[in-house]
>>> print(open('coords_6.cif').read())   # mmCIF, C-alpha atoms
data_data
loop_
_atom_site.label_atom_id
_atom_site.label_comp_id
_atom_site.auth_asym_id
_atom_site.auth_seq_id
_atom_site.Cartn_x
_atom_site.Cartn_y
_atom_site.Cartn_z
CA MET A 805 -25.13 25.52 -47.06
CA VAL A 806 -25.49 23.89 -50.47
CA ALA A 807 -27.42 21.00 -48.95
CA ILE A 808 -29.78 23.34 -47.17
CA ALA A 809 -30.40 25.46 -50.28
CA GLU A 810 -31.21 22.42 -52.39
CA SER A 811 -33.14 20.28 -49.91
CA ALA A 812 -36.80 19.43 -50.27
CA ASP A 813 -37.64 21.81 -47.42
CA ALA A 814 -35.88 24.76 -49.02
CA PRO A 815 -38.01 27.70 -50.20
CA GLN A 816 -39.23 27.45 -53.76
CA LYS A 817 -37.28 29.03 -56.60
CA THR A 818 -38.49 32.26 -58.11
CA PRO A 819 -40.78 31.69 -61.13
CA ARG A 820 -39.28 31.49 -64.60
CA ILE A 821 -39.90 34.81 -66.33
CA GLY A 822 -40.38 34.17 -70.02
CA ILE A 823 -40.16 37.81 -71.03
CA LEU A 824 -36.56 37.91 -69.76
CA ASP A 825 -35.67 34.89 -71.90
CA THR A 826 -37.20 36.68 -74.88
CA ALA A 827 -35.24 39.85 -74.09
CA ARG A 828 -32.03 37.82 -73.88
CA GLY A 829 -32.88 36.13 -77.18
CA ILE A 830 -33.44 39.50 -78.88
CA ALA A 831 -30.08 40.68 -77.52
CA LEU A 832 -28.45 37.55 -78.97
CA LEU A 833 -29.94 38.23 -82.41
CA ALA A 834 -28.77 41.85 -82.21
CA MET A 835 -25.29 40.66 -81.27
CA ALA A 836 -25.26 38.25 -84.22
CA SER A 837 -26.24 41.07 -86.60
CA TYR A 838 -23.39 43.23 -85.26
CA HIS A 839 -20.87 40.38 -85.56
CA CYS A 840 -22.07 39.82 -89.12
CA THR A 841 -21.15 43.45 -89.87
CA TRP A 842 -17.75 42.86 -88.24
CA ASP A 843 -17.21 39.79 -90.42
CA PHE A 844 -18.04 41.71 -93.61
CA GLU A 845 -15.54 44.37 -92.54
CA PHE A 846 -12.88 41.75 -91.79
CA PHE A 847 -13.15 40.30 -95.29
CA GLY A 848 -13.05 43.71 -96.95
CA TYR A 849 -16.68 44.23 -97.92
CA LEU A 850 -16.87 47.25 -95.61
CA ASP A 851 -14.25 49.92 -94.87
CA SER A 852 -11.92 49.20 -91.98
CA GLY A 853 -13.28 50.61 -88.72
CA THR A 854 -16.93 50.62 -89.87
CA ALA A 855 -18.10 48.40 -87.00
CA GLU A 856 -16.36 50.59 -84.42
CA THR A 857 -17.62 54.04 -85.39
CA GLY A 858 -20.90 55.95 -85.72
CA TRP A 859 -24.21 54.30 -84.88
CA LEU A 860 -22.69 50.80 -84.99
CA LYS A 861 -20.44 51.72 -82.07
CA LEU A 862 -23.52 52.82 -80.09
CA TYR A 863 -25.34 49.66 -81.23
CA ALA A 864 -22.54 47.45 -79.89
CA ARG A 865 -22.51 49.28 -76.56
CA ALA A 866 -26.28 48.97 -76.21
CA ILE A 867 -26.04 45.21 -76.83
CA ALA A 868 -23.25 44.76 -74.26
CA SER A 869 -25.19 46.87 -71.72
CA THR A 870 -28.29 44.73 -72.25
CA PHE A 871 -26.40 41.48 -71.68
CA LEU A 872 -24.80 42.76 -68.49
CA PHE A 873 -28.09 44.20 -67.21
CA LEU A 874 -29.81 40.84 -67.79
CA ALA A 875 -26.89 39.02 -66.15
CA GLY A 876 -27.45 41.13 -63.03
CA VAL A 877 -31.17 40.33 -63.08
CA SER A 878 -30.47 36.62 -63.57
CA LEU A 879 -28.05 36.51 -60.63
CA VAL A 880 -30.83 37.70 -58.32
CA LEU A 881 -33.53 35.43 -59.76
CA ALA A 882 -31.29 32.36 -59.64
CA ASN A 883 -30.31 32.96 -56.01
CA THR A 884 -33.54 34.10 -54.37
CA PRO A 885 -34.52 33.47 -51.64
CA GLN A 886 -31.20 31.70 -50.95
CA ILE A 887 -27.92 31.45 -52.81
CA ARG A 888 -27.83 28.13 -54.63
CA TRP A 889 -24.10 27.59 -54.38
CA ARG A 890 -23.90 24.44 -56.48
CA SER A 891 -25.70 25.92 -59.49
CA TYR A 892 -23.92 29.25 -58.99
CA TRP A 893 -20.43 27.71 -59.18
CA ARG A 894 -21.46 25.45 -62.05
CA ARG A 895 -22.73 28.40 -64.07
CA LEU A 896 -19.71 30.52 -63.21
CA GLY A 897 -17.36 27.68 -64.13
CA MET A 898 -19.00 27.34 -67.55
CA ILE A 899 -18.66 31.07 -68.22
CA VAL A 900 -15.02 31.14 -67.10
CA ALA A 901 -14.20 28.08 -69.24
CA ALA A 902 -15.89 29.66 -72.28
CA ALA A 903 -14.08 32.97 -71.71
CA ALA A 904 -10.74 31.16 -71.41
CA ALA A 905 -11.43 29.24 -74.63
CA ILE A 906 -12.19 32.47 -76.49
CA SER A 907 -8.97 34.05 -75.18
CA LEU A 908 -6.93 31.03 -76.26
CA VAL A 909 -8.47 30.76 -79.73
CA THR A 910 -8.14 34.50 -80.47
CA PHE A 911 -4.58 34.57 -79.07
CA ILE A 912 -3.63 31.84 -81.54
CA GLY A 913 -5.57 33.23 -84.50
CA MET A 914 -5.50 37.01 -83.91
CA ARG A 915 -2.47 37.69 -81.73
CA ASP A 916 -2.50 41.48 -82.28
CA GLU A 917 -6.17 41.88 -81.27
CA TRP A 918 -6.86 38.86 -79.07
CA ILE A 919 -9.70 38.98 -76.55
CA PHE A 920 -8.15 39.15 -73.09
CA PHE A 921 -11.20 40.60 -71.29
CA GLY A 922 -14.37 40.41 -73.35
CA ILE A 923 -18.07 40.22 -72.51
CA LEU A 924 -17.86 36.73 -70.95
CA HIS A 925 -14.85 37.71 -68.82
CA SER A 926 -16.79 40.77 -67.67
CA ILE A 927 -19.91 38.75 -66.79
CA ALA A 928 -17.79 36.27 -64.81
CA ALA A 929 -16.05 39.02 -62.83
CA ALA A 930 -19.32 40.91 -62.27
CA SER A 931 -20.98 37.69 -61.03
CA LEU A 932 -18.31 37.38 -58.34
CA ILE A 933 -18.64 41.03 -57.33
CA GLY A 934 -22.42 40.64 -57.42
CA LEU A 935 -22.25 38.21 -54.48
CA LEU A 936 -21.31 41.19 -52.30
CA PHE A 937 -24.57 42.93 -53.25
CA LEU A 938 -27.02 40.02 -53.11
CA ARG A 939 -27.78 40.50 -49.43
CA LEU A 940 -27.62 44.30 -49.44
CA PRO A 941 -30.78 46.42 -49.80
CA ALA A 942 -31.72 47.28 -53.37
CA PHE A 943 -31.23 51.01 -52.79
CA VAL A 944 -27.57 50.44 -51.83
CA THR A 945 -26.87 48.59 -55.09
CA LEU A 946 -28.71 51.21 -57.13
CA LEU A 947 -26.83 53.99 -55.32
CA VAL A 948 -23.47 52.39 -56.16
CA ALA A 949 -24.59 51.99 -59.79
CA ALA A 950 -25.63 55.66 -59.88
CA LEU A 951 -22.27 56.75 -58.43
CA LEU A 952 -20.48 54.71 -61.09
CA THR A 953 -22.61 56.44 -63.72
CA VAL A 954 -21.50 59.81 -62.34
CA GLY A 955 -17.90 58.60 -62.50
CA ILE A 956 -18.36 57.61 -66.15
CA VAL A 957 -19.77 61.03 -67.02
CA ILE A 958 -16.93 62.83 -65.23
CA ASP A 959 -14.33 60.61 -66.89
CA ASN A 960 -15.72 61.27 -70.37
CA VAL A 961 -16.77 64.91 -70.09
CA VAL A 962 -14.48 66.61 -67.57
CA ALA A 963 -11.04 65.94 -69.07
CA PRO A 964 -8.94 67.28 -66.13
CA LEU A 965 -10.78 64.89 -63.79
CA SER A 966 -10.22 61.75 -65.88
CA LEU A 967 -10.03 58.63 -63.74
CA HIS A 968 -7.62 56.93 -66.15
CA SER A 969 -3.99 56.63 -65.10
CA THR A 970 -0.76 55.07 -66.34
CA PHE A 971 -0.76 53.14 -63.05
CA PHE A 972 -3.34 50.80 -64.65
CA ASP A 973 -1.29 50.28 -67.82
CA ALA A 974 0.21 47.07 -66.43
CA PRO A 975 -1.36 44.12 -68.37
CA TRP A 976 -2.59 42.47 -65.18
CA LEU A 977 -4.72 45.58 -64.48
CA TRP A 978 -6.31 45.94 -67.93
CA TRP A 979 -9.48 44.28 -66.62
CA VAL A 980 -10.15 47.32 -64.40
CA GLY A 981 -10.72 49.63 -67.39
CA LEU A 982 -8.77 52.68 -66.17
CA SER A 983 -5.62 52.22 -68.26
CA GLU A 984 -4.39 55.00 -70.51
CA ASN A 985 -2.65 52.63 -72.91
CA ILE A 986 -3.68 49.05 -73.60
CA GLN A 987 -3.30 46.50 -76.35
CA ARG A 988 -6.01 46.62 -78.98
CA SER A 989 -8.67 43.91 -78.61
CA ASN A 990 -11.60 42.72 -80.71
CA ASP A 991 -13.80 42.66 -77.60
CA TYR A 992 -12.82 44.74 -74.57
CA VAL A 993 -15.42 45.00 -71.77
CA PRO A 994 -13.60 46.04 -68.56
CA LEU A 995 -15.33 46.49 -65.21
CA PHE A 996 -15.21 50.26 -65.56
CA PRO A 997 -17.63 51.24 -66.98
CA TRP A 998 -19.34 47.89 -67.68
CA LEU A 999 -20.04 46.88 -64.08
CA THR A 1000 -22.63 49.68 -64.05
CA PRO A 1001 -25.42 48.03 -66.13
CA PHE A 1002 -24.86 44.77 -64.23
CA LEU A 1003 -25.44 46.50 -60.89
CA PHE A 1004 -28.49 48.32 -62.26
CA GLY A 1005 -29.93 44.96 -63.32
CA LEU A 1006 -29.12 43.42 -59.95
CA GLY A 1007 -30.59 46.36 -58.02
CA ILE A 1008 -33.79 46.55 -60.07
CA ALA A 1009 -34.30 42.77 -59.77
CA LYS A 1010 -33.90 43.00 -55.98
CA LEU A 1011 -36.37 45.88 -55.90
CA ALA A 1012 -38.88 43.90 -58.00
CA THR A 1013 -38.44 40.90 -55.68
CA SER A 1014 -39.00 42.93 -52.52
CA LEU A 1015 -42.12 44.54 -54.01
CA GLY A 1016 -43.55 41.18 -55.11
CA TRP A 1017 -43.53 41.94 -58.83
CA LEU A 1018 -42.03 38.63 -59.98
CA LYS A 1019 -45.29 36.68 -60.17
CA SER A 1020 -46.85 39.46 -62.23
CA LEU A 1021 -43.85 39.56 -64.57
CA ALA A 1022 -44.01 35.78 -64.99
CA LYS A 1023 -47.46 36.16 -66.58
CA PHE A 1024 -46.02 38.15 -69.52
CA GLY A 1025 -44.67 35.92 -72.26
CA SER A 1026 -44.64 32.15 -72.05
CA GLY A 1027 -40.99 31.84 -73.00
CA ARG A 1028 -41.88 29.08 -75.50
CA ASN A 1029 -41.11 31.02 -78.69
CA LEU A 1030 -37.89 30.38 -80.63
CA VAL A 1031 -36.32 33.66 -79.54
CA ALA A 1032 -36.91 32.85 -75.88
CA ARG A 1033 -35.51 29.35 -76.33
CA ALA A 1034 -32.33 30.86 -77.76
CA GLY A 1035 -32.25 33.15 -74.73
CA ARG A 1036 -32.38 30.15 -72.39
CA HIS A 1037 -29.29 28.71 -74.07
CA SER A 1038 -27.42 31.97 -74.52
CA LEU A 1039 -23.92 30.63 -73.81
CA ILE A 1040 -24.16 27.94 -76.50
CA PHE A 1041 -25.59 30.45 -78.96
CA TYR A 1042 -22.79 32.91 -78.17
CA LEU A 1043 -20.05 30.33 -78.70
CA VAL A 1044 -21.49 28.88 -81.91
CA HIS A 1045 -22.91 31.81 -83.85
CA GLN A 1046 -19.71 33.70 -84.67
CA PRO A 1047 -17.75 30.73 -86.10
CA VAL A 1048 -20.79 29.93 -88.27
CA LEU A 1049 -21.19 33.53 -89.50
CA PHE A 1050 -17.44 33.93 -90.02
CA GLY A 1051 -17.34 30.71 -92.03
CA LEU A 1052 -20.25 31.77 -94.23
CA VAL A 1053 -18.71 35.15 -95.04
CA TYR A 1054 -15.39 33.42 -95.72
CA LEU A 1055 -17.10 31.11 -98.24
CA LEU A 1056 -18.71 34.17 -99.83
CA SER A 1057 -15.28 35.80 -100.14
CA LEU A 1058 -14.05 32.79 -102.10
CA VAL A 1059 -16.95 32.99 -104.55
CA ALA A 1060 -17.29 36.79 -104.79
CA PRO A 1061 -14.22 38.55 -103.34
CA ALA A 1062 -14.69 42.05 -101.97
CA PRO A 1063 -13.63 44.95 -104.23
CA PRO A 1064 -10.43 46.83 -103.26
CA GLN A 1065 -11.00 49.49 -100.61
CA ASP A 1066 -9.38 52.91 -100.33
CA PRO A 1067 -6.75 52.32 -97.60
CA THR A 1068 -6.84 55.96 -96.46
CA VAL A 1069 -10.58 55.71 -95.65
CA GLY A 1070 -9.97 52.56 -93.64
CA TYR A 1071 -7.01 54.13 -91.86
CA ILE A 1072 -9.05 57.16 -90.75
CA ARG A 1073 -11.96 55.01 -89.53
CA GLN A 1074 -9.74 52.63 -87.60
CA CYS A 1075 -7.61 55.43 -86.17
CA VAL A 1076 -10.69 57.36 -84.99
CA ALA A 1077 -12.24 54.21 -83.49
CA SER A 1078 -9.08 53.54 -81.48
CA CYS A 1079 -8.50 57.18 -80.50
CA THR A 1080 -12.03 57.87 -79.23
CA ARG A 1081 -11.51 55.42 -76.39
CA SER A 1082 -9.55 58.19 -74.66
CA GLY A 1083 -10.48 61.41 -76.48
CA SER A 1084 -13.28 63.35 -78.18
CA GLU A 1085 -14.28 62.43 -81.72
CA ALA A 1086 -13.49 65.93 -83.06
CA MET A 1087 -10.00 65.86 -81.61
CA CYS A 1088 -9.44 62.31 -82.85
CA ARG A 1089 -10.49 63.13 -86.42
CA SER A 1090 -8.07 66.06 -86.43
CA PHE A 1091 -5.30 63.88 -85.02
CA CYS A 1092 -5.91 61.02 -87.49
CA GLN A 1093 -6.05 63.29 -90.53
CA CYS A 1094 -2.83 64.93 -89.38
CA THR A 1095 -1.02 61.60 -89.01
CA LEU A 1096 -2.29 60.44 -92.41
CA ASP A 1097 -1.02 63.60 -94.12
CA LYS A 1098 2.40 63.37 -92.48
CA LEU A 1099 2.74 59.64 -93.13
CA GLN A 1100 1.97 60.16 -96.81
CA ALA A 1101 4.32 63.16 -97.03
CA GLN A 1102 7.17 61.05 -95.63
CA ASN A 1103 6.27 57.97 -97.74
CA LEU A 1104 5.53 55.96 -94.62
CA PHE A 1105 1.84 55.22 -95.16
CA LYS A 1106 2.20 52.29 -97.55
CA PRO A 1107 4.92 50.56 -95.48
CA LEU A 1108 2.75 51.01 -92.37
CA GLU A 1109 -0.33 49.59 -94.09
CA SER A 1110 1.59 46.60 -95.46
CA GLY A 1111 3.15 45.82 -92.08
CA ALA A 1112 6.69 46.54 -93.24
CA ILE A 1113 7.01 48.98 -90.33
CA LYS A 1114 5.25 48.91 -86.96
CA ALA A 1115 3.60 51.97 -85.42
CA ASP A 1116 4.73 51.10 -81.90
CA SER A 1117 8.39 50.51 -82.78
CA ASP A 1118 9.23 52.94 -85.59
CA GLU A 1119 10.63 56.23 -84.28
CA ARG A 1120 9.42 58.20 -87.31
CA VAL A 1121 5.83 57.14 -86.73
CA SER A 1122 6.15 57.92 -83.00
CA ARG A 1123 7.41 61.45 -83.78
CA ILE A 1124 4.48 62.02 -86.13
CA ALA A 1125 2.03 60.87 -83.44
CA ILE A 1126 3.55 63.28 -80.91
CA GLN A 1127 3.47 66.20 -83.37
CA CYS A 1128 -0.15 65.55 -84.33
CA THR A 1129 -1.21 65.17 -80.71
CA ASP A 1130 0.17 68.65 -79.97
CA GLU A 1131 -1.55 70.10 -83.04
CA ALA A 1132 -4.90 68.47 -82.31
CA GLN A 1133 -5.12 69.62 -78.69
#
>>> encode(input="coords_6.cif", output="structure tokens")
Amino acid sequence: MVAIAESADAPQKTPRIGILDTARGIALLAMASYHCTWDFEFFGYLDSGTAETGWLKLYARAIASTFLFLAGVSLVLANTPQIRWRSYWRRLGMIVAAAAAISLVTFIGMRDEWIFFGILHSIAAASLIGLLFLRLPAFVTLLVAALLTVGIVIDNVVAPLSLHSTFFDAPWLWWVGLSENIQRSNDYVPLFPWLTPFLFGLGIAKLATSLGWLKSLAKFGSGRNLVARAGRHSLIFYLVHQPVLFGLVYLLSLVAPAPPQDPTVGYIRQCVASCTRSGSEAMCRSFCQCTLDKLQAQNLFKPLESGAIKADSDERVSRIAIQCTDEAQ
């Protein structure tokens, strides 16, 4: 099948669409700006939790959605009219290798928040699932994506109908995205809900192909600008940009260290950011303020902040969490 797909008699590849490279390049620059904010937070220039709350949280989700949408589009364009197995497996292998490298490096350097299923892991898994949809009609893919969207809304709005379950709490099922309790991670992009933008991209690309829109789209943007060139080498950019940014902010911290931050502000931000993964923001703010007050009243806040006691192993902290959960609900 590989030989047939890559022979001289095989149908021609779909045209390179420069505007998609530009869109991917813009998404890369947006991602770099977000990671820069994360780096400033890490070194204490911003309050803890800043990058995970408010508009920055929405910004990060929009960036991840864009990457996955474009990955779905690219899967169709790279494998139309036939699946090019050799290039498909080569590309997938590169993504898997990069994802594994990120997991290994973060496990060594940031054991408590290592990246076990980040954006690259999600793209790799979605690319495998996407093979099932490549030969299906576009409306089927878009229907599945729409149903997943409905599931996301139900899961986030209708609390009694939440799809999350303790059944998925086992570490080997964290990639699904339906766990109630998981280890904290600096980049967590599970298949639910993040398969949704990928399938929308795949479905829309199939629809555009069937309607003959690709040649028209290829006329918009030459793809020769610097942003588009970055978009054509997105994996390299992704792997290189964060170490560079992190190193620059680290050097800045040596020259001009960040001023001391109020630990209570950072605690509330980080607590709310973690809590809102499974609850409403109003409830989470009430819960976090409650835990802060009780920790301070029992002289446990400073030991918790310094790492002298651990939230997941100290019975006093666990009792406070249970009490505040009951009060917040």
>>> closest_residue(input="coords_6.cif", among="A:Asn990, A:Thr970, A:Val1031, A:Ile1040", to="Gly913 in chain A", atoms="only C-alpha atoms")
A:Asn990
>>> atom_distance(input="coords_6.cif", atom1="CA of Ile958 in chain A", atom2="CA of Trp859 in chain A")
22.6 Å
>>> closest_residue(input="coords_6.cif", among="A:Gln1046, A:Ser1122, A:Thr1129, A:Ser1020", to="Gly822 in chain A", atoms="all atoms listed in the file")
A:Ser1020
>>> closest_atom_pairs(input="coords_6.cif", of="range 976-1007 of chain A", to="range 861-870 of chain A", cutoff="8 Å", atoms="all atoms listed in the file", output="Markdown table")
| residue | atom | partner | partner_atom | distance |
| --- | --- | --- | --- | --- |
| A:Trp998 | CA | A:Ser869 | CA | 7.2 |
| A:Pro1001 | CA | A:Ser869 | CA | 5.7 |
| A:Phe1002 | CA | A:Ser869 | CA | 7.8 |
>>> residues_around(input="coords_6.cif", residues="Leu874 in chain A", least_positions_apart="6", cutoff="9 Å", atoms="all atoms listed in the file", output="list of chain:residue names")
A:Leu824, A:Ala827, A:Arg828, A:Pro1001, A:Phe1002, A:Gly1005, A:Leu1006
>>> closest_residue(input="coords_6.cif", among="A:Cys1075, A:Leu1021, A:Ala950, A:Leu1003", to="Arg1089 in chain A", atoms="only C-alpha atoms")
A:Cys1075
>>> resolve_selection(input="coords_6.cif", expression="the PyMOL selection byres ((chain A and resi 923-937) around 8)", output="ChimeraX atom specification")
/A:868,872,875-876,879,896,899-900,902-903,921-922,938-941,945,991-995,998-999,1002-1003,1006
>>> atom_distance(input="coords_6.cif", atom1="CA of Gly955 in chain A", atom2="CA of Thr854 in chain A")
28.5 Å
>>> atom_distance(input="coords_6.cif", atom1="CA of Leu1049 in chain A", atom2="CA of Cys840 in chain A")
6.4 Å
>>> residues_near_point(input="coords_6.cif", point="(-39.2, 38.2, -70.8)", cutoff="12 Å", atoms="only C-alpha atoms", output="PyMOL selection string")
chain A and resi 819-831+874+877-878+1018+1020-1029+1031-1033+1035-1036
>>> decode(input="coords_6.cif", residues="range 911-922 of chain A", atoms="N, CA, C and O atoms", output="PDB file, in the first residue's frame")
ATOM      1  N   PHE A 911       9.595  14.819  34.151  1.00  0.00           N
ATOM      2  CA  PHE A 911       9.562  13.875  35.277  1.00  0.00           C
ATOM      3  C   PHE A 911      10.828  14.017  36.117  1.00  0.00           C
ATOM      4  O   PHE A 911      10.789  13.927  37.350  1.00  0.00           O
ATOM      5  N   ILE A 912      11.949  14.258  35.444  1.00  0.00           N
ATOM      6  CA  ILE A 912      13.220  14.433  36.160  1.00  0.00           C
ATOM      7  C   ILE A 912      13.276  15.793  36.840  1.00  0.00           C
ATOM      8  O   ILE A 912      13.694  15.908  38.001  1.00  0.00           O
ATOM      9  N   GLY A 913      12.836  16.846  36.134  1.00  0.00           N
ATOM     10  CA  GLY A 913      12.985  18.198  36.656  1.00  0.00           C
ATOM     11  C   GLY A 913      11.825  18.726  37.471  1.00  0.00           C
ATOM     12  O   GLY A 913      11.997  19.607  38.314  1.00  0.00           O
ATOM     13  N   MET A 914      10.598  18.212  37.216  1.00  0.00           N
ATOM     14  CA  MET A 914       9.404  18.703  37.908  1.00  0.00           C
ATOM     15  C   MET A 914       8.516  17.523  38.279  1.00  0.00           C
ATOM     16  O   MET A 914       7.405  17.380  37.758  1.00  0.00           O
ATOM     17  N   ARG A 915       9.006  16.682  39.157  1.00  0.00           N
ATOM     18  CA  ARG A 915       8.340  15.408  39.454  1.00  0.00           C
ATOM     19  C   ARG A 915       6.886  15.588  39.888  1.00  0.00           C
ATOM     20  O   ARG A 915       6.027  14.775  39.539  1.00  0.00           O
ATOM     21  N   ASP A 916       6.586  16.653  40.662  1.00  0.00           N
ATOM     22  CA  ASP A 916       5.234  16.834  41.185  1.00  0.00           C
ATOM     23  C   ASP A 916       4.239  17.328  40.142  1.00  0.00           C
ATOM     24  O   ASP A 916       3.028  17.232  40.348  1.00  0.00           O
ATOM     25  N   GLU A 917       4.730  17.865  39.014  1.00  0.00           N
ATOM     26  CA  GLU A 917       3.832  18.409  37.995  1.00  0.00           C
ATOM     27  C   GLU A 917       4.284  18.003  36.595  1.00  0.00           C
ATOM     28  O   GLU A 917       4.110  18.744  35.634  1.00  0.00           O
ATOM     29  N   TRP A 918       4.849  16.805  36.482  1.00  0.00           N
ATOM     30  CA  TRP A 918       5.406  16.387  35.192  1.00  0.00           C
ATOM     31  C   TRP A 918       4.305  16.203  34.155  1.00  0.00           C
ATOM     32  O   TRP A 918       3.132  15.978  34.476  1.00  0.00           O
ATOM     33  N   ILE A 919       4.683  16.313  32.898  1.00  0.00           N
ATOM     34  CA  ILE A 919       3.719  16.254  31.792  1.00  0.00           C
ATOM     35  C   ILE A 919       3.584  14.805  31.321  1.00  0.00           C
ATOM     36  O   ILE A 919       4.445  14.293  30.607  1.00  0.00           O
ATOM     37  N   PHE A 920       2.510  14.157  31.738  1.00  0.00           N
ATOM     38  CA  PHE A 920       2.289  12.766  31.353  1.00  0.00           C
ATOM     39  C   PHE A 920       1.356  12.635  30.156  1.00  0.00           C
ATOM     40  O   PHE A 920       1.351  11.608  29.476  1.00  0.00           O
ATOM     41  N   PHE A 921       0.558  13.676  29.867  1.00  0.00           N
ATOM     42  CA  PHE A 921      -0.282  13.647  28.665  1.00  0.00           C
ATOM     43  C   PHE A 921      -0.581  15.087  28.256  1.00  0.00           C
ATOM     44  O   PHE A 921      -1.642  15.631  28.540  1.00  0.00           O
ATOM     45  N   GLY A 922       0.392  15.687  27.577  1.00  0.00           N
ATOM     46  CA  GLY A 922       0.272  17.074  27.153  1.00  0.00           C
ATOM     47  C   GLY A 922      -0.237  17.206  25.729  1.00  0.00           C
ATOM     48  O   GLY A 922      -0.802  16.264  25.159  1.00  0.00           O
TER      49      GLY A 922
END
